[in-house]
$ cat structure-v3.txt   # compact mmCIF, C-alpha atoms
# COMPACT_ATOMS: atom_id res chain seq x y z
CA MET I 279 100.27 157.64 109.46
CA SER I 280 103.23 159.12 111.30
CA PRO I 281 106.54 157.24 111.00
CA VAL I 282 107.45 155.52 114.25
CA SER I 283 110.49 156.86 116.08
CA GLN I 284 112.39 155.61 119.09
CA HIS I 285 110.66 158.33 121.12
CA HIS I 286 107.30 156.81 120.19
CA VAL I 287 108.50 153.34 121.16
CA GLU I 288 109.71 154.60 124.54
CA ALA I 289 106.47 156.49 125.19
CA ALA I 290 104.42 153.38 124.39
CA ARG I 291 106.50 151.33 126.81
CA THR I 292 106.12 153.99 129.50
CA LEU I 293 102.34 153.85 129.17
CA ARG I 294 102.37 150.04 129.39
CA ASP I 295 104.53 150.18 132.49
CA ALA I 296 102.15 152.68 134.09
CA ALA I 297 99.20 150.41 133.34
CA ARG I 298 100.99 147.38 134.77
CA THR I 299 102.33 148.99 137.95
CA GLY I 300 99.76 151.69 138.70
CA ASN I 301 102.57 154.24 138.89
CA PHE I 302 100.99 156.91 136.71
CA ILE I 303 103.20 159.18 134.66
CA ALA I 304 103.63 162.85 133.83
CA PRO I 305 101.89 164.06 130.67
CA LEU I 306 103.62 162.86 127.52
CA ARG I 307 103.45 166.37 126.09
CA ASP I 308 105.89 167.53 128.78
CA GLY I 309 108.59 165.07 127.77
CA MET I 310 107.83 165.21 124.03
CA PRO I 311 107.17 168.89 123.22
CA GLY I 312 106.86 168.19 119.49
CA LEU I 313 104.28 165.44 119.91
CA ASP I 314 101.35 165.94 117.52
CA ALA I 315 98.18 164.01 116.79
CA ALA I 316 99.86 161.76 114.21
CA GLY I 317 102.62 160.90 116.67
CA ALA I 318 100.11 160.25 119.43
CA TYR I 319 98.20 157.82 117.22
CA ALA I 320 101.51 156.14 116.35
CA ILE I 321 102.08 155.52 120.08
CA GLN I 322 98.53 154.18 120.42
CA ARG I 323 99.09 151.89 117.44
CA LEU I 324 102.29 150.48 118.96
CA ASN I 325 100.44 149.47 122.10
CA THR I 326 97.54 148.06 120.08
CA GLU I 327 100.01 145.83 118.25
CA HIS I 328 101.66 144.88 121.54
CA ARG I 329 98.33 143.82 123.08
CA MET I 330 97.47 141.78 120.01
CA GLN I 331 100.84 140.04 120.18
CA GLU I 332 99.97 139.12 123.77
CA GLY I 333 96.84 137.37 122.50
CA ARG I 334 94.21 140.05 123.00
CA ARG I 335 91.60 140.60 120.30
CA VAL I 336 90.30 143.92 118.98
CA VAL I 337 86.48 143.89 119.10
CA GLY I 338 85.76 147.47 118.06
CA CYS I 339 86.47 151.12 118.77
CA LYS I 340 85.50 153.87 121.16
CA VAL I 341 84.92 157.49 120.26
CA GLY I 342 86.07 160.14 122.71
CA LEU I 343 85.93 163.92 123.00
CA THR I 344 82.42 164.08 121.55
CA ALA I 345 81.29 166.95 123.76
CA ARG I 346 81.96 170.37 122.25
CA ALA I 347 82.90 171.79 125.65
CA VAL I 348 85.58 169.14 126.15
CA GLN I 349 86.93 169.72 122.63
CA ALA I 350 87.22 173.42 123.40
CA GLN I 351 88.96 172.65 126.70
CA LEU I 352 91.58 170.53 124.93
CA GLY I 353 91.94 172.86 121.95
CA VAL I 354 90.67 170.49 119.24
CA ASP I 355 87.80 170.52 116.78
CA GLN I 356 87.16 166.81 116.36
CA PRO I 357 86.79 163.64 118.43
CA ASP I 358 89.44 160.99 118.93
CA PHE I 359 89.27 157.20 118.91
CA GLY I 360 90.74 154.24 120.76
CA MET I 361 90.61 150.49 120.40
CA LEU I 362 88.39 148.10 122.37
CA PHE I 363 89.76 144.68 123.33
CA ASP I 364 87.98 141.49 124.29
CA ASP I 365 89.26 141.58 127.87
CA MET I 366 87.77 145.04 128.50
CA GLY I 367 84.13 143.94 128.36
CA PHE I 368 81.76 143.08 131.23
CA GLY I 369 78.12 142.07 131.24
CA ASP I 370 75.21 143.86 132.88
CA ALA I 371 75.68 143.81 136.70
CA GLU I 372 78.75 141.56 136.41
CA PRO I 373 81.28 142.49 139.15
CA VAL I 374 84.09 144.65 137.78
CA PRO I 375 87.43 144.22 139.59
CA MET I 376 89.02 147.48 140.70
CA ALA I 377 92.40 145.87 140.06
CA GLY I 378 93.55 146.96 136.63
CA LEU I 379 91.42 150.11 136.49
CA HIS I 380 93.36 153.35 136.40
CA GLN I 381 91.83 156.41 138.08
CA PRO I 382 88.45 155.14 136.79
CA LYS I 383 85.45 157.23 135.89
CA VAL I 384 82.16 156.15 134.32
CA GLU I 385 80.30 157.57 131.33
CA ALA I 386 76.90 156.51 130.01
CA GLU I 387 76.92 155.89 126.26
CA VAL I 388 75.03 154.33 123.38
CA ALA I 389 76.81 151.24 122.02
CA PHE I 390 76.38 150.25 118.37
CA VAL I 391 76.96 146.77 116.97
CA LEU I 392 77.52 146.56 113.23
CA GLY I 393 75.97 143.94 111.00
CA ARG I 394 77.78 144.95 107.82
CA ASP I 395 81.24 146.11 106.81
CA LEU I 396 81.83 149.83 106.23
CA ALA I 397 84.70 149.39 103.80
CA MET I 398 83.65 152.01 101.23
CA GLU I 399 85.99 154.98 100.74
CA ARG I 400 83.86 157.56 102.56
CA PRO I 401 80.94 156.05 104.48
CA GLY I 402 77.92 158.31 104.71
CA HIS I 403 75.01 158.45 107.10
CA VAL I 404 72.89 156.12 105.00
CA ASP I 405 75.75 153.61 104.77
CA VAL I 406 76.15 153.66 108.54
CA ILE I 407 72.42 153.39 109.22
CA LYS I 408 72.20 150.36 106.92
CA ALA I 409 75.23 148.77 108.61
CA ILE I 410 73.94 149.01 112.20
CA ASP I 411 72.51 145.75 113.49
CA HIS I 412 71.47 146.88 116.96
CA LEU I 413 72.11 149.24 119.85
CA LEU I 414 72.80 148.56 123.51
CA PRO I 415 72.98 150.74 126.62
CA ALA I 416 76.55 150.97 127.86
CA ILE I 417 78.69 152.30 130.66
CA GLU I 418 82.23 153.06 129.61
CA ILE I 419 84.83 152.95 132.38
CA VAL I 420 87.46 155.41 131.27
CA GLY I 421 90.91 155.48 132.80
CA SER I 422 94.13 157.41 132.50
CA ARG I 423 97.71 156.36 132.85
CA ILE I 424 98.55 160.07 133.16
CA ALA I 425 98.79 161.17 136.79
CA GLY I 426 95.82 163.21 138.00
CA TRP I 427 94.10 163.07 134.60
CA ASN I 428 96.37 165.96 133.57
CA ILE I 429 95.71 165.40 129.88
CA ARG I 430 95.58 167.27 126.61
CA PHE I 431 94.65 165.88 123.21
CA VAL I 432 97.95 164.12 122.47
CA ASP I 433 98.09 162.56 125.95
CA THR I 434 94.68 160.93 125.73
CA VAL I 435 95.14 159.81 122.11
CA ALA I 436 98.45 158.12 122.89
CA ASP I 437 96.81 156.52 125.95
CA ASN I 438 94.25 154.72 123.75
CA ALA I 439 91.75 157.56 124.14
CA SER I 440 91.77 156.94 127.91
CA ALA I 441 90.05 153.59 127.47
CA GLY I 442 89.66 151.27 130.43
CA ALA I 443 86.71 148.88 130.36
CA TYR I 444 83.02 148.82 129.49
CA VAL I 445 79.75 147.27 130.63
CA LEU I 446 77.05 146.38 128.11
CA GLY I 447 73.34 145.95 128.56
CA SER I 448 71.77 142.71 127.40
CA THR I 449 68.65 143.66 125.42
CA PRO I 450 69.36 144.78 121.82
CA VAL I 451 67.29 147.63 120.39
CA ARG I 452 66.82 148.52 116.73
CA LEU I 453 67.93 151.95 115.56
CA ALA I 454 64.45 152.56 114.10
CA ASP I 455 62.86 152.18 117.53
CA LEU I 456 64.22 155.34 119.16
CA ASP I 457 65.18 158.93 118.48
CA LEU I 458 68.87 159.03 119.34
CA ARG I 459 69.12 162.81 119.50
CA LEU I 460 66.36 163.06 122.09
CA CYS I 461 67.40 159.94 124.01
CA GLY I 462 67.53 161.08 127.64
CA MET I 463 69.94 159.47 130.09
CA ILE I 464 70.39 159.44 133.85
CA VAL I 465 73.11 157.74 135.89
CA THR I 466 72.52 157.01 139.56
CA ARG I 467 74.96 155.84 142.22
CA ARG I 468 73.04 153.68 144.69
CA GLY I 469 69.89 155.56 143.76
CA GLU I 470 71.33 159.09 143.84
CA PRO I 471 71.51 160.94 140.48
CA VAL I 472 75.10 161.76 139.53
CA SER I 473 74.95 162.43 135.77
CA VAL I 474 72.21 163.40 133.34
CA GLY I 475 72.28 164.05 129.61
CA ALA I 476 70.86 163.22 126.23
CA GLY I 477 71.92 162.03 122.81
CA ALA I 478 72.26 165.60 121.56
CA ALA I 479 75.32 166.03 123.81
CA CYS I 480 77.26 163.57 121.63
CA LEU I 481 78.14 165.56 118.49
CA GLY I 482 74.47 166.49 118.21
CA ASN I 483 73.52 162.82 117.78
CA PRO I 484 75.46 159.62 118.62
CA LEU I 485 75.00 158.50 115.02
CA ASN I 486 77.21 161.41 113.94
CA ALA I 487 80.00 160.01 116.11
CA VAL I 488 79.73 156.62 114.40
CA VAL I 489 79.83 158.24 110.96
CA TRP I 490 82.94 160.20 111.96
CA LEU I 491 84.60 157.03 113.19
CA ALA I 492 83.62 155.04 110.08
CA ARG I 493 85.13 157.70 107.81
CA THR I 494 88.25 158.01 109.93
CA MET I 495 88.91 154.29 110.07
CA ALA I 496 88.22 153.83 106.34
CA GLY I 497 90.68 156.63 105.61
CA LEU I 498 93.32 154.86 107.71
CA GLY I 499 92.83 151.61 105.81
CA HIS I 500 91.23 149.84 108.81
CA PRO I 501 87.49 150.07 108.09
CA LEU I 502 84.86 149.06 110.59
CA ARG I 503 83.63 145.52 110.02
CA ALA I 504 80.51 143.47 110.71
CA GLY I 505 80.44 142.46 114.36
CA ASP I 506 82.41 145.49 115.54
CA LEU I 507 81.33 147.23 118.72
CA VAL I 508 81.37 151.03 118.75
CA LEU I 509 81.10 153.08 121.94
CA SER I 510 79.89 156.38 120.58
CA GLY I 511 80.74 158.85 123.35
CA ALA I 512 79.35 160.18 126.60
CA LEU I 513 75.83 161.59 126.88
CA GLY I 514 76.60 163.37 130.15
CA PRO I 515 79.41 164.21 132.58
CA MET I 516 81.74 161.46 133.71
CA VAL I 517 81.77 160.44 137.38
CA ALA I 518 84.71 159.18 139.45
CA VAL I 519 84.51 155.59 140.72
CA GLN I 520 85.22 154.37 144.26
CA PRO I 521 85.57 150.71 145.30
CA GLY I 522 82.16 149.20 145.99
CA ASP I 523 80.25 151.70 143.85
CA VAL I 524 77.14 150.61 141.96
CA PHE I 525 76.00 152.72 139.00
CA ASP I 526 72.74 152.38 137.07
CA ALA I 527 72.42 154.08 133.68
CA ARG I 528 68.91 154.39 132.25
CA PHE I 529 68.18 155.58 128.71
CA ASN I 530 64.79 156.54 127.26
CA GLY I 531 63.88 153.87 124.75
CA LEU I 532 67.14 151.96 125.11
CA GLY I 533 66.82 150.35 128.52
CA SER I 534 69.32 150.24 131.34
CA VAL I 535 72.68 148.83 132.35
CA LYS I 536 74.34 148.43 135.75
CA ALA I 537 78.04 148.62 136.62
CA VAL I 538 79.00 146.95 139.91
CA PHE I 539 82.51 147.57 141.20
CA GLU I 540 84.20 145.20 143.60
CA PRO I 541 84.80 146.66 147.07
CA SER I 542 88.59 146.38 147.23
CA GLN I 543 91.49 147.44 145.05
CA ASP I 544 94.41 145.04 144.93
CA GLY I 545 96.47 146.80 142.27
CA PRO I 546 96.51 146.85 138.47
CA ARG I 547 95.70 143.74 136.50

$ encode --input "structure-v3.txt" --output "structure tokens"
Amino acid sequence: MSPVSQHHVEAARTLRDAARTGNFIAPLRDGMPGLDAAGAYAIQRLNTEHRMQEGRRVVGCKVGLTARAVQAQLGVDQPDFGMLFDDMGFGDAEPVPMAGLHQPKVEAEVAFVLGRDLAMERPGHVDVIKAIDHLLPAIEIVGSRIAGWNIRFVDTVADNASAGAYVLGSTPVRLADLDLRLCGMIVTRRGEPVSVGAGAACLGNPLNAVVWLARTMAGLGHPLRAGDLVLSGALGPMVAVQPGDVFDARFNGLGSVKAVFEPSQDGPR
């Protein structure tokens, strides 16, 4: 882990202020030219600790940058991760307030819920398969505190991997009951298709994203635990959200989930 400097502390505060006020900021990389991945994760960690001190609870992790094309665009060769908190989650078709969302976009993803700890030194695919309790269809609502989504790798990592909120389906599915790689997905906005994809778009298979995360978190000394939720990464292109939008995501073999956004935006929550 990178040692925390005063620059990291100030950057973390700036991101919190942007989230609170809705006054989005210039890319961190512009004001911190030497910022690297370790420093960006140090900023993320500071804000994770701050949220926990405020009484929020970490319920899992999200994996980002799972599409090879996006990795190439940002000049990296691996995904990133962010933390999921209890106040980010919404149920299927539950109204999602626009207040508190930051330049929101939706992505359809496979959510994994663990039934066992993954505390071994280097979790493998078999370890992860054995640890998965069930899967759920999910819509992640990503957001950016960086103005205009003008991000590179260090910007999104510091900004909690551009996490915002998420909507989960309500019918658990066993891993053995579907082929994740071939799992097709379509997102519609009020019946009109806006995003299509498949499991293969997520590091070749969403399970690969969970293995990467399990190894990364174990290496950091914060292994994934039973009960953790993992959002494994987008299966197709993300789509910008407008107040009043309704999105349906349907997955072959996994079911569907609906995200309903309230019609007005009253400012950040």

$ closest_atom_pairs --input "structure-v3.txt" --of "stretch 415-527 of chain I" --to "stretch 370-375 of chain I" --cutoff "9 Å" --atoms "all atoms listed in the file" --output "CSV"
residue,atom,partner,partner_atom,distance
I:Ala416,CA,I:Asp370,CA,8.8
I:Ala443,CA,I:Val374,CA,8.9
I:Val445,CA,I:Asp370,CA,6.1
I:Leu446,CA,I:Asp370,CA,5.7
I:Gly447,CA,I:Asp370,CA,5.2
I:Ser448,CA,I:Asp370,CA,6.6
I:Pro521,CA,I:Pro375,CA,8.8
I:Val524,CA,I:Ala371,CA,8.7

$ closest_atom_pairs --input "structure-v3.txt" --of "stretch 453-536 of chain I" --to "stretch 338-341 of chain I" --cutoff "8 Å" --atoms "only C-alpha atoms" --output "tab-separated table"
residue	atom	partner	partner_atom	distance
I:Ala487	CA	I:Val341	CA	6.9
I:Val488	CA	I:Val341	CA	7.9
I:Leu491	CA	I:Val341	CA	7.1
I:Leu502	CA	I:Gly338	CA	7.7
I:Asp506	CA	I:Gly338	CA	4.6
I:Leu507	CA	I:Gly338	CA	4.5
I:Val508	CA	I:Cys339	CA	5.1
I:Leu509	CA	I:Lys340	CA	4.5
I:Ser510	CA	I:Val341	CA	5.2
I:Gly511	CA	I:Val341	CA	5.4

$ closest_residue --input "structure-v3.txt" --among "I:Gly475, I:Gly522, I:Gly393, I:Pro501" --to "I:Cys461" --atoms "all atoms listed in the file"
I:Gly475

$ residues_near_point --input "structure-v3.txt" --point "(78.7, 160.8, 130.4)" --cutoff "12 Å" --atoms "only C-alpha atoms" --output "number ranges by chain"
I: 342-345, 348, 383-388, 416-420, 462-466, 472-480, 509-518, 527-529

$ closest_residue --input "structure-v3.txt" --among "I:Ala296, I:Leu396, I:Ala304, I:Ala350" --to "I:Ala409" --atoms "all atoms listed in the file"
I:Leu396

$ atom_distance --input "structure-v3.txt" --atom1 "atom CA of I:Glu288" --atom2 "atom CA of I:Ile303"
12.9 Å

$ residues_near_point --input "structure-v3.txt" --point "(107.0, 154.6, 123.7)" --cutoff "12 Å" --atoms "only C-alpha atoms" --output "JSON, numbers by chain"
{"I": [282, 283, 284, 285, 286, 287, 288, 289, 290, 291, 292, 293, 294, 295, 296, 306, 309, 310, 313, 317, 318, 319, 320, 321, 322, 323, 324, 325, 328, 436, 437]}

$ write_last_selection --input "structure-v3.txt" --atoms "C-alpha atoms" --output "PDB file, in the frame of the given file"
ATOM      1  CA  VAL I 282     107.450 155.520 114.250  1.00  0.00           C
ATOM      2  CA  SER I 283     110.490 156.860 116.080  1.00  0.00           C
ATOM      3  CA  GLN I 284     112.390 155.610 119.090  1.00  0.00           C
ATOM      4  CA  HIS I 285     110.660 158.330 121.120  1.00  0.00           C
ATOM      5  CA  HIS I 286     107.300 156.810 120.190  1.00  0.00           C
ATOM      6  CA  VAL I 287     108.500 153.340 121.160  1.00  0.00           C
ATOM      7  CA  GLU I 288     109.710 154.600 124.540  1.00  0.00           C
ATOM      8  CA  ALA I 289     106.470 156.490 125.190  1.00  0.00           C
ATOM      9  CA  ALA I 290     104.420 153.380 124.390  1.00  0.00           C
ATOM     10  CA  ARG I 291     106.500 151.330 126.810  1.00  0.00           C
ATOM     11  CA  THR I 292     106.120 153.990 129.500  1.00  0.00           C
ATOM     12  CA  LEU I 293     102.340 153.850 129.170  1.00  0.00           C
ATOM     13  CA  ARG I 294     102.370 150.040 129.390  1.00  0.00           C
ATOM     14  CA  ASP I 295     104.530 150.180 132.490  1.00  0.00           C
ATOM     15  CA  ALA I 296     102.150 152.680 134.090  1.00  0.00           C
ATOM     16  CA  LEU I 306     103.620 162.860 127.520  1.00  0.00           C
ATOM     17  CA  GLY I 309     108.590 165.070 127.770  1.00  0.00           C
ATOM     18  CA  MET I 310     107.830 165.210 124.030  1.00  0.00           C
ATOM     19  CA  LEU I 313     104.280 165.440 119.910  1.00  0.00           C
ATOM     20  CA  GLY I 317     102.620 160.900 116.670  1.00  0.00           C
ATOM     21  CA  ALA I 318     100.110 160.250 119.430  1.00  0.00           C
ATOM     22  CA  TYR I 319      98.200 157.820 117.220  1.00  0.00           C
ATOM     23  CA  ALA I 320     101.510 156.140 116.350  1.00  0.00           C
ATOM     24  CA  ILE I 321     102.080 155.520 120.080  1.00  0.00           C
ATOM     25  CA  GLN I 322      98.530 154.180 120.420  1.00  0.00           C
ATOM     26  CA  ARG I 323      99.090 151.890 117.440  1.00  0.00           C
ATOM     27  CA  LEU I 324     102.290 150.480 118.960  1.00  0.00           C
ATOM     28  CA  ASN I 325     100.440 149.470 122.100  1.00  0.00           C
ATOM     29  CA  HIS I 328     101.660 144.880 121.540  1.00  0.00           C
ATOM     30  CA  ALA I 436      98.450 158.120 122.890  1.00  0.00           C
ATOM     31  CA  ASP I 437      96.810 156.520 125.950  1.00  0.00           C
TER      32      ASP I 437
END

$ closest_residue --input "structure-v3.txt" --among "I:Gly482, I:Gly531, I:Gly333, I:Gly505" --to "I:Asp395" --atoms "all atoms listed in the file"
I:Gly505

$ atom_distance --input "structure-v3.txt" --atom1 "atom CA of I:Pro450" --atom2 "atom CA of I:Lys536"
15.2 Å
